[in-house]
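Visitor: File name structure-v8.cif; file contents mmCIF, C-alpha atoms and all ligand atoms; full text below.
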```cif
data_work
loop_
_atom_site.label_atom_id
_atom_site.label_comp_id
_atom_site.auth_asym_id
_atom_site.auth_seq_id
_atom_site.Cartn_x
_atom_site.Cartn_y
_atom_site.Cartn_z
CA MET A 297 -125.71 -132.35 152.41
CA PRO A 298 -125.25 -135.99 153.43
CA SER A 299 -123.34 -138.28 151.13
CA LEU A 300 -125.44 -139.66 148.30
CA VAL A 301 -124.80 -143.29 149.02
CA ARG A 302 -124.65 -145.35 152.14
CA THR A 303 -121.24 -146.62 153.04
CA GLU A 304 -121.75 -149.29 155.63
CA ALA A 305 -122.61 -152.20 153.37
CA ILE A 306 -119.92 -154.43 151.89
CA GLU A 307 -121.74 -155.55 148.82
CA VAL A 308 -125.45 -155.47 148.85
CA SER A 309 -128.14 -156.22 146.38
CA PRO A 310 -129.59 -152.97 145.13
CA HIS A 311 -132.95 -153.36 146.83
CA LEU A 312 -131.22 -153.34 150.22
CA TRP A 313 -129.38 -150.17 149.41
CA GLY A 314 -132.29 -147.83 149.61
CA PRO A 315 -135.93 -147.60 148.63
CA ARG A 316 -136.83 -149.65 145.56
CA ALA A 317 -137.37 -147.65 142.44
CA THR A 318 -140.96 -148.74 142.11
CA GLY A 319 -143.06 -146.18 143.86
CA ALA A 320 -139.98 -144.42 145.16
CA GLN A 321 -140.07 -141.43 142.88
CA SER A 322 -142.29 -139.42 145.16
CA ASN A 323 -139.58 -139.74 147.83
CA LEU A 324 -136.84 -138.29 145.66
CA ARG A 325 -135.55 -135.02 147.02
CA GLU A 326 -135.86 -132.03 144.75
CA THR A 327 -132.17 -131.24 144.34
CA PRO A 328 -130.45 -129.45 141.49
CA VAL A 329 -128.43 -131.84 139.36
CA SER A 330 -126.35 -131.15 136.27
CA LEU A 331 -124.35 -133.27 133.85
CA VAL A 332 -120.84 -132.32 132.79
CA VAL A 333 -118.88 -134.50 130.38
CA LEU A 334 -115.31 -133.89 131.53
CA ALA A 335 -113.63 -135.80 128.70
CA SER A 336 -114.78 -138.25 126.06
CA SER A 337 -112.70 -140.13 123.51
CA SER A 338 -110.85 -143.42 123.18
CA SER A 339 -108.15 -141.74 125.31
CA GLY A 340 -110.47 -141.41 128.28
CA ASN A 341 -114.11 -141.01 129.24
CA CYS A 342 -115.44 -139.37 132.37
CA SER A 343 -118.72 -137.60 133.08
CA ALA A 344 -119.92 -136.05 136.30
CA LEU A 345 -123.37 -135.67 137.80
CA ILE A 346 -123.08 -132.64 140.06
CA VAL A 347 -125.71 -132.71 142.77
CA GLY A 348 -126.73 -129.79 144.95
CA SER A 349 -125.44 -126.24 144.91
CA GLY A 350 -122.66 -124.13 146.36
CA ALA A 351 -120.09 -125.58 148.72
CA THR A 352 -122.19 -128.64 149.56
CA ARG A 353 -122.23 -130.06 146.03
CA ARG A 354 -121.64 -133.80 145.66
CA ILE A 355 -120.42 -135.72 142.63
CA ILE A 356 -121.35 -139.03 141.01
CA LEU A 357 -118.98 -139.97 138.21
CA LEU A 358 -120.17 -141.95 135.22
CA ASP A 359 -116.97 -143.77 134.23
CA ALA A 360 -113.53 -142.72 135.43
CA GLY A 361 -111.33 -143.17 132.39
CA ILE A 362 -109.04 -140.22 133.04
CA SER A 363 -106.52 -140.21 135.85
CA PRO A 364 -107.42 -138.92 139.31
CA ARG A 365 -104.91 -136.12 138.76
CA ARG A 366 -106.43 -134.98 135.47
CA THR A 367 -109.92 -135.32 136.89
CA THR A 368 -108.94 -133.21 139.89
CA LEU A 369 -107.68 -130.49 137.56
CA ARG A 370 -111.00 -130.54 135.70
CA PHE A 371 -112.85 -130.38 139.02
CA ALA A 372 -110.79 -127.36 140.07
CA GLU A 373 -112.00 -125.50 136.98
CA LEU A 374 -115.55 -126.16 138.16
CA GLY A 375 -114.85 -125.21 141.77
CA LEU A 376 -115.09 -128.85 142.87
CA SER A 377 -112.73 -131.22 144.62
CA ARG A 378 -112.18 -134.96 144.54
CA ASP A 379 -113.43 -135.27 148.14
CA GLN A 380 -116.91 -134.43 146.88
CA ILE A 381 -117.16 -137.71 144.94
CA ASP A 382 -119.69 -140.09 146.48
CA ALA A 383 -119.74 -142.77 143.80
CA ILE A 384 -118.24 -143.87 140.50
CA VAL A 385 -120.62 -145.81 138.29
CA PHE A 386 -118.92 -147.79 135.54
CA THR A 387 -120.43 -148.63 132.16
CA HIS A 388 -117.62 -151.18 131.75
CA LEU A 389 -113.97 -151.46 132.70
CA ASP A 390 -112.02 -150.89 129.49
CA THR A 391 -108.99 -148.70 130.16
CA ASP A 392 -110.59 -145.66 128.53
CA HIS A 393 -113.47 -145.90 131.04
CA CYS A 394 -111.71 -147.14 134.17
CA VAL A 395 -108.30 -146.04 135.37
CA PRO A 396 -107.50 -148.55 138.12
CA THR A 397 -105.56 -146.04 140.25
CA TRP A 398 -108.95 -144.65 141.22
CA ALA A 399 -109.05 -147.50 143.75
CA ARG A 400 -106.37 -145.59 145.70
CA PHE A 401 -107.74 -142.10 145.18
CA LEU A 402 -111.43 -142.66 145.84
CA PRO A 403 -112.51 -140.71 148.94
CA LYS A 404 -112.94 -142.98 151.97
CA HIS A 405 -116.72 -142.69 152.07
CA ALA A 406 -117.27 -143.26 148.33
CA ARG A 407 -117.89 -146.45 146.38
CA PHE A 408 -117.73 -148.04 142.97
CA LEU A 409 -120.80 -149.43 141.26
CA MET A 410 -120.47 -151.91 138.41
CA HIS A 411 -122.34 -154.66 136.58
CA LYS A 412 -121.99 -158.24 137.76
CA ARG A 413 -120.46 -159.21 134.41
CA HIS A 414 -117.48 -156.95 135.19
CA ARG A 415 -116.79 -158.24 138.66
CA ALA A 416 -114.05 -160.74 137.75
CA ARG A 417 -112.24 -158.14 135.67
CA ALA A 418 -112.53 -155.65 138.53
CA GLU A 419 -110.85 -158.19 140.78
CA ARG A 420 -108.04 -158.72 138.26
CA ILE A 421 -107.30 -155.02 137.90
CA GLY A 422 -107.49 -154.45 141.66
CA ILE A 423 -110.54 -152.24 142.02
CA LEU A 424 -112.90 -154.69 143.70
CA SER A 425 -113.20 -153.93 147.40
CA ARG A 426 -115.56 -153.59 150.30
CA ARG A 427 -116.68 -150.37 148.73
CA THR A 428 -117.94 -151.95 145.50
CA THR A 429 -121.60 -152.44 144.79
CA ILE A 430 -122.56 -154.90 142.11
CA PHE A 431 -125.74 -154.43 140.11
CA GLU A 432 -127.54 -156.45 137.46
CA SER A 433 -130.84 -155.32 136.00
CA ASP A 434 -132.58 -154.12 139.17
CA PRO A 435 -132.83 -150.36 139.62
CA VAL A 436 -130.27 -148.96 142.03
CA PRO A 437 -131.51 -146.05 144.18
CA LEU A 438 -128.95 -143.34 144.89
CA ASP A 439 -130.11 -142.35 148.37
CA GLY A 440 -133.22 -140.51 147.32
CA ILE A 441 -131.48 -138.32 144.73
CA ALA A 442 -131.95 -140.51 141.68
CA THR A 443 -132.70 -144.02 140.54
CA LEU A 444 -130.20 -145.74 138.26
CA SER A 445 -131.71 -148.37 135.96
CA PRO A 446 -129.07 -150.43 134.15
CA ALA A 447 -129.35 -152.60 131.05
CA LEU A 448 -126.55 -154.76 129.67
CA LEU A 449 -125.76 -154.54 125.95
CA SER A 450 -123.10 -156.17 123.80
CA HIS A 451 -119.56 -154.77 123.72
CA ASP A 452 -116.55 -157.03 123.34
CA SER A 453 -116.77 -160.15 125.52
CA LEU A 454 -118.20 -158.71 128.74
CA GLY A 455 -120.79 -156.26 127.52
CA VAL A 456 -121.52 -152.70 128.56
CA ALA A 457 -124.10 -151.23 130.92
CA VAL A 458 -126.28 -148.41 129.68
CA PHE A 459 -128.27 -146.36 132.17
CA ARG A 460 -131.59 -144.62 132.52
CA ILE A 461 -131.30 -142.29 135.50
CA GLU A 462 -134.40 -140.69 136.96
CA PHE A 463 -134.05 -137.61 139.14
CA ALA A 464 -136.32 -135.76 141.52
CA GLY A 465 -139.40 -134.48 139.77
CA GLY A 466 -139.14 -137.23 137.17
CA ARG A 467 -136.50 -135.76 134.85
CA THR A 468 -134.46 -138.44 133.12
CA LEU A 469 -130.98 -138.93 131.69
CA GLY A 470 -130.05 -141.73 129.29
CA PHE A 471 -126.37 -142.64 129.19
CA ALA A 472 -125.06 -145.06 126.56
CA THR A 473 -121.52 -145.51 125.33
CA ASP A 474 -119.47 -148.25 123.67
CA VAL A 475 -122.64 -149.90 122.47
CA GLY A 476 -121.83 -152.71 120.09
CA ALA A 477 -125.09 -152.60 118.21
CA PRO A 478 -128.41 -150.81 118.49
CA THR A 479 -131.11 -153.09 119.89
CA PRO A 480 -134.84 -152.77 120.52
CA ASN A 481 -134.08 -153.29 124.21
CA MET A 482 -131.82 -150.25 124.24
CA VAL A 483 -134.48 -148.11 122.57
CA HIS A 484 -137.08 -149.35 125.03
CA HIS A 485 -134.81 -148.71 128.00
CA LEU A 486 -133.96 -145.13 127.04
CA LYS A 487 -137.22 -144.13 125.34
CA GLY A 488 -138.24 -140.50 125.78
CA VAL A 489 -135.54 -139.43 128.24
CA ASP A 490 -135.13 -135.68 128.71
CA VAL A 491 -131.39 -135.70 128.11
CA LEU A 492 -129.56 -138.42 126.18
CA ALA A 493 -125.78 -138.81 126.26
CA ILE A 494 -124.85 -141.35 123.60
CA GLU A 495 -121.73 -142.28 121.70
CA SER A 496 -121.33 -141.32 118.04
CA ASN A 497 -118.02 -143.00 117.45
CA TYR A 498 -117.09 -143.09 113.82
CA CYS A 499 -117.79 -142.12 110.24
CA PRO A 500 -117.92 -145.39 108.24
CA ARG A 501 -116.11 -143.82 105.26
CA MET A 502 -113.29 -142.48 107.43
CA GLN A 503 -113.10 -145.81 109.23
CA GLU A 504 -112.83 -147.70 105.95
CA ALA A 505 -110.24 -145.29 104.56
CA SER A 506 -108.11 -145.31 107.72
CA ASP A 507 -104.86 -147.21 108.00
CA ARG A 508 -106.15 -149.16 110.98
CA PRO A 509 -105.58 -152.91 110.84
CA VAL A 510 -108.48 -154.95 109.46
CA TYR A 511 -109.07 -156.77 112.77
CA LEU A 512 -109.53 -153.43 114.56
CA LYS A 513 -111.94 -152.12 111.92
CA ARG A 514 -113.92 -155.35 112.28
CA ARG A 515 -113.93 -155.08 116.07
CA ILE A 516 -115.24 -151.53 115.98
CA THR A 517 -117.85 -151.92 113.26
CA GLY A 518 -118.80 -155.58 113.72
CA GLY A 519 -121.64 -155.28 116.22
CA SER A 520 -119.69 -155.54 119.46
CA GLY A 521 -117.60 -152.37 119.24
CA HIS A 522 -118.99 -148.91 118.63
CA LEU A 523 -121.84 -147.05 116.95
CA SER A 524 -121.34 -145.14 113.72
CA ASN A 525 -122.72 -141.62 113.32
CA GLU A 526 -125.53 -143.03 111.21
CA GLN A 527 -126.44 -145.74 113.71
CA THR A 528 -126.47 -143.16 116.50
CA ALA A 529 -128.67 -140.74 114.55
CA SER A 530 -131.13 -143.52 113.79
CA LEU A 531 -131.14 -144.69 117.42
CA VAL A 532 -131.70 -141.18 118.68
CA ARG A 533 -134.71 -140.81 116.38
CA SER A 534 -136.17 -144.00 117.85
CA ILE A 535 -135.40 -143.04 121.45
CA ALA A 536 -136.88 -139.56 120.86
CA PRO A 537 -135.15 -137.61 123.64
CA ARG A 538 -137.15 -134.57 124.71
CA GLU A 539 -134.60 -131.82 125.18
CA HIS A 540 -130.93 -132.41 124.70
CA VAL A 541 -128.52 -134.88 123.11
CA VAL A 542 -124.83 -135.10 123.97
CA LEU A 543 -122.68 -136.98 121.48
CA LEU A 544 -119.92 -138.92 123.25
CA HIS A 545 -116.74 -140.79 122.38
CA LEU A 546 -116.03 -139.39 118.89
CA SER A 547 -113.06 -141.13 117.32
CA ARG A 548 -110.24 -138.65 116.79
CA GLN A 549 -108.99 -140.61 113.80
CA CYS A 550 -112.25 -141.61 112.14
CA ASN A 551 -114.74 -138.85 112.93
CA THR A 552 -115.18 -135.10 113.20
CA PRO A 553 -117.64 -133.06 115.28
CA ASP A 554 -119.06 -131.64 112.05
CA LEU A 555 -119.77 -135.08 110.56
CA ALA A 556 -121.33 -136.30 113.79
CA GLN A 557 -123.64 -133.33 114.29
CA ARG A 558 -124.62 -132.95 110.64
CA LEU A 559 -126.97 -135.92 111.00
CA HIS A 560 -128.88 -134.12 113.75
CA ALA A 561 -129.60 -130.95 111.79
CA ASP A 562 -133.15 -129.64 112.36
CA ALA A 563 -133.71 -132.16 115.15
CA PRO A 564 -136.23 -131.19 117.86
CA TYR A 565 -133.57 -131.23 120.59
CA SER A 566 -130.48 -129.19 121.30
CA LEU A 567 -127.15 -130.83 120.63
CA THR A 568 -123.75 -130.82 122.33
CA VAL A 569 -120.71 -132.64 121.00
CA ALA A 570 -118.46 -133.73 123.86
CA HIS A 571 -114.83 -132.70 123.61
CA PRO A 572 -112.01 -135.27 124.00
CA ASP A 573 -110.28 -133.19 126.70
CA GLU A 574 -112.41 -130.23 127.75
CA PRO A 575 -115.56 -130.16 129.92
CA ILE A 576 -118.84 -129.30 128.22
CA ALA A 577 -121.05 -126.56 129.68
CA PRO A 578 -123.20 -128.08 132.47
CA ILE A 579 -126.58 -129.44 131.38
CA GLN A 580 -129.28 -129.04 133.97
CA LEU A 581 -131.15 -132.21 134.90
CA SER A 582 -133.44 -131.19 137.72
CA ALA A 583 -134.89 -128.06 139.18
CA MET A 584 -132.65 -125.29 140.44
CA HIS A 585 -133.71 -123.45 143.56
ZN ZN A 601 -114.58 -146.65 125.14
#
```
The structure in this file should be written as structure tokens.

Guide:
Amino acid sequence: MPSLVRTEAIEVSPHLWGPRATGAQSNLRETPVSLVVLASSSSGNCSALIVGSGATRRIILLDAGISPRRTTLRFAELGLSRDQIDAIVFTHLDTDHCVPTWARFLPKHARFLMHKRHRARAERIGILSRRTTIFESDPVPLDGIATLSPALLSHDSLGVAVFRIEFAGGRTLGFATDVGAPTPNMVHHLKGVDVLAIESNYCPRMQEASDRPVYLKRRITGGSGHLSNEQTASLVRSIAPREHVVLLHLSRQCNTPDLAQRLHADAPYSLTVAHPDEPIAPIQLSAMH
């Protein structure tokens, strides 16, 4: 299988990178794709879209917040190698989502994709290069395999990108983490996706009772940090995902898997709670052959 992204461009606007999303869906190749969350917590977040089957599988990472070495070990468990990475798409560049040493370990043909708001920070931490593609709100085609539609939401000073990703045959994945506050725009952007991976960061009571400093509690709960279990459950109801929800980025100190999933009891979708260190079972996103 050819690489998923073109490599010749230095930094191109998304519409030059492949067919525009509008009207492009019929051109998407019917290729099996699955989602595996490799790790998800404030110690490191990394998910993989695994495209294709057998020895020719390719990988698109959504965030790379665990070291190349740890990621490679996770890949080995799945029969994959780092050389199969074609792209790393960043939601934002906080250290738990972007380990800068990836700039040295990215395979030669692969590239980073990030929002324009994160460009200056990328330069500071040394990951901006010829192989970086900057996006804003335009859909970014991934060489006929999928279309990535970003939207910027509030998180700390630079914001966070959330994604609606449409695969061959029209199946969709919503991916949203480190979302400061639920917004109508976010609901609109992710409405009715087949699979929704979304953070469910903290239990408000555990947060309040924790010995964290007041400034940190305010940062997390104040609208530009993270979503509580309750906010996530309410958002998910509004987004109305069709099949599957994956809860991401649970706080180890201020949450438990049981508290997070309790709010989704009897929901009309299946639920997976991502583990801080262990890969989840692959979730299929497009047709298998
Ligand atoms: Zn984070």

Visitor: Could you give me, as a list in words, the residues within 9 Å of His411 in chain A, counting only C-alpha atoms and dropping anything in the same chain fewer than 5 positions from it?

Guide: Phe386, Thr387, His388, Thr429, Ile430, Phe431, Glu432, Ser433, Pro446, Leu448, Val456 and Ala457 of chain A

Visitor: For a quick check of understanding, using all atoms listed in the file, which of A:Ala399, A:Ala447, A:Val491, A:Val510 has the smallest distance to Arg426 in chain A?

Guide: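 Nearest candidate to Arg426 in chain A out of A:Ala399, A:Ala447, A:Val491, A:Val510: A:Ala399.
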
Visitor: For ligand ZN 601 (chain A), collect every residue having any atom at a distance of at most 10 Å from a ligand atom (counting only C-alpha atoms and all ligand atoms); output as a ChimeraX atom specification.

Guide: /A:336-341,359,361,387-394,451,456,473-475,495,497,521-522,544-547

Visitor: If I take CA of Ala351 in chain A and CA of Leu469 in chain A, how far is one from the other in Å, to one decimal?

Guide: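 Separating CA of Ala351 in chain A from CA of Leu469 in chain A is a distance of 24.2 Å.
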
Visitor: Quick one: distance from CA of Arg427 in chain A to CA of Ala406 in chain A in Å, one decimal?

Guide: 7.1 Å

Visitor: Using CA of Arg354 in chain A and CA of Ala442 in chain A as the two end points, give the distance in Å to one decimal.

Guide: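 Taking CA of Arg354 in chain A and CA of Ala442 in chain A, their separation equals 12.9 Å.
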
Visitor: Using all atoms listed in the file, determine which residues lie at most 10 Å from Pro553 in chain A, disregarding the query and same-chain residues fewer than 6 positions distant; provide the list as a tab-separated table (two decimals) with C-alpha atoms, in the frame of the given file.

Guide:
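After the write, around-v2.tsv holds the following:
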```
chain	number	residue	atom	x	y	z
A	496	SER	CA	-121.33	-141.32	118.04
A	543	LEU	CA	-122.68	-136.98	121.48
A	546	LEU	CA	-116.03	-139.39	118.89
A	547	SER	CA	-113.06	-141.13	117.32
A	568	THR	CA	-123.75	-130.82	122.33
A	569	VAL	CA	-120.71	-132.64	121.00
A	570	ALA	CA	-118.46	-133.73	123.86
A	571	HIS	CA	-114.83	-132.70	123.61
```
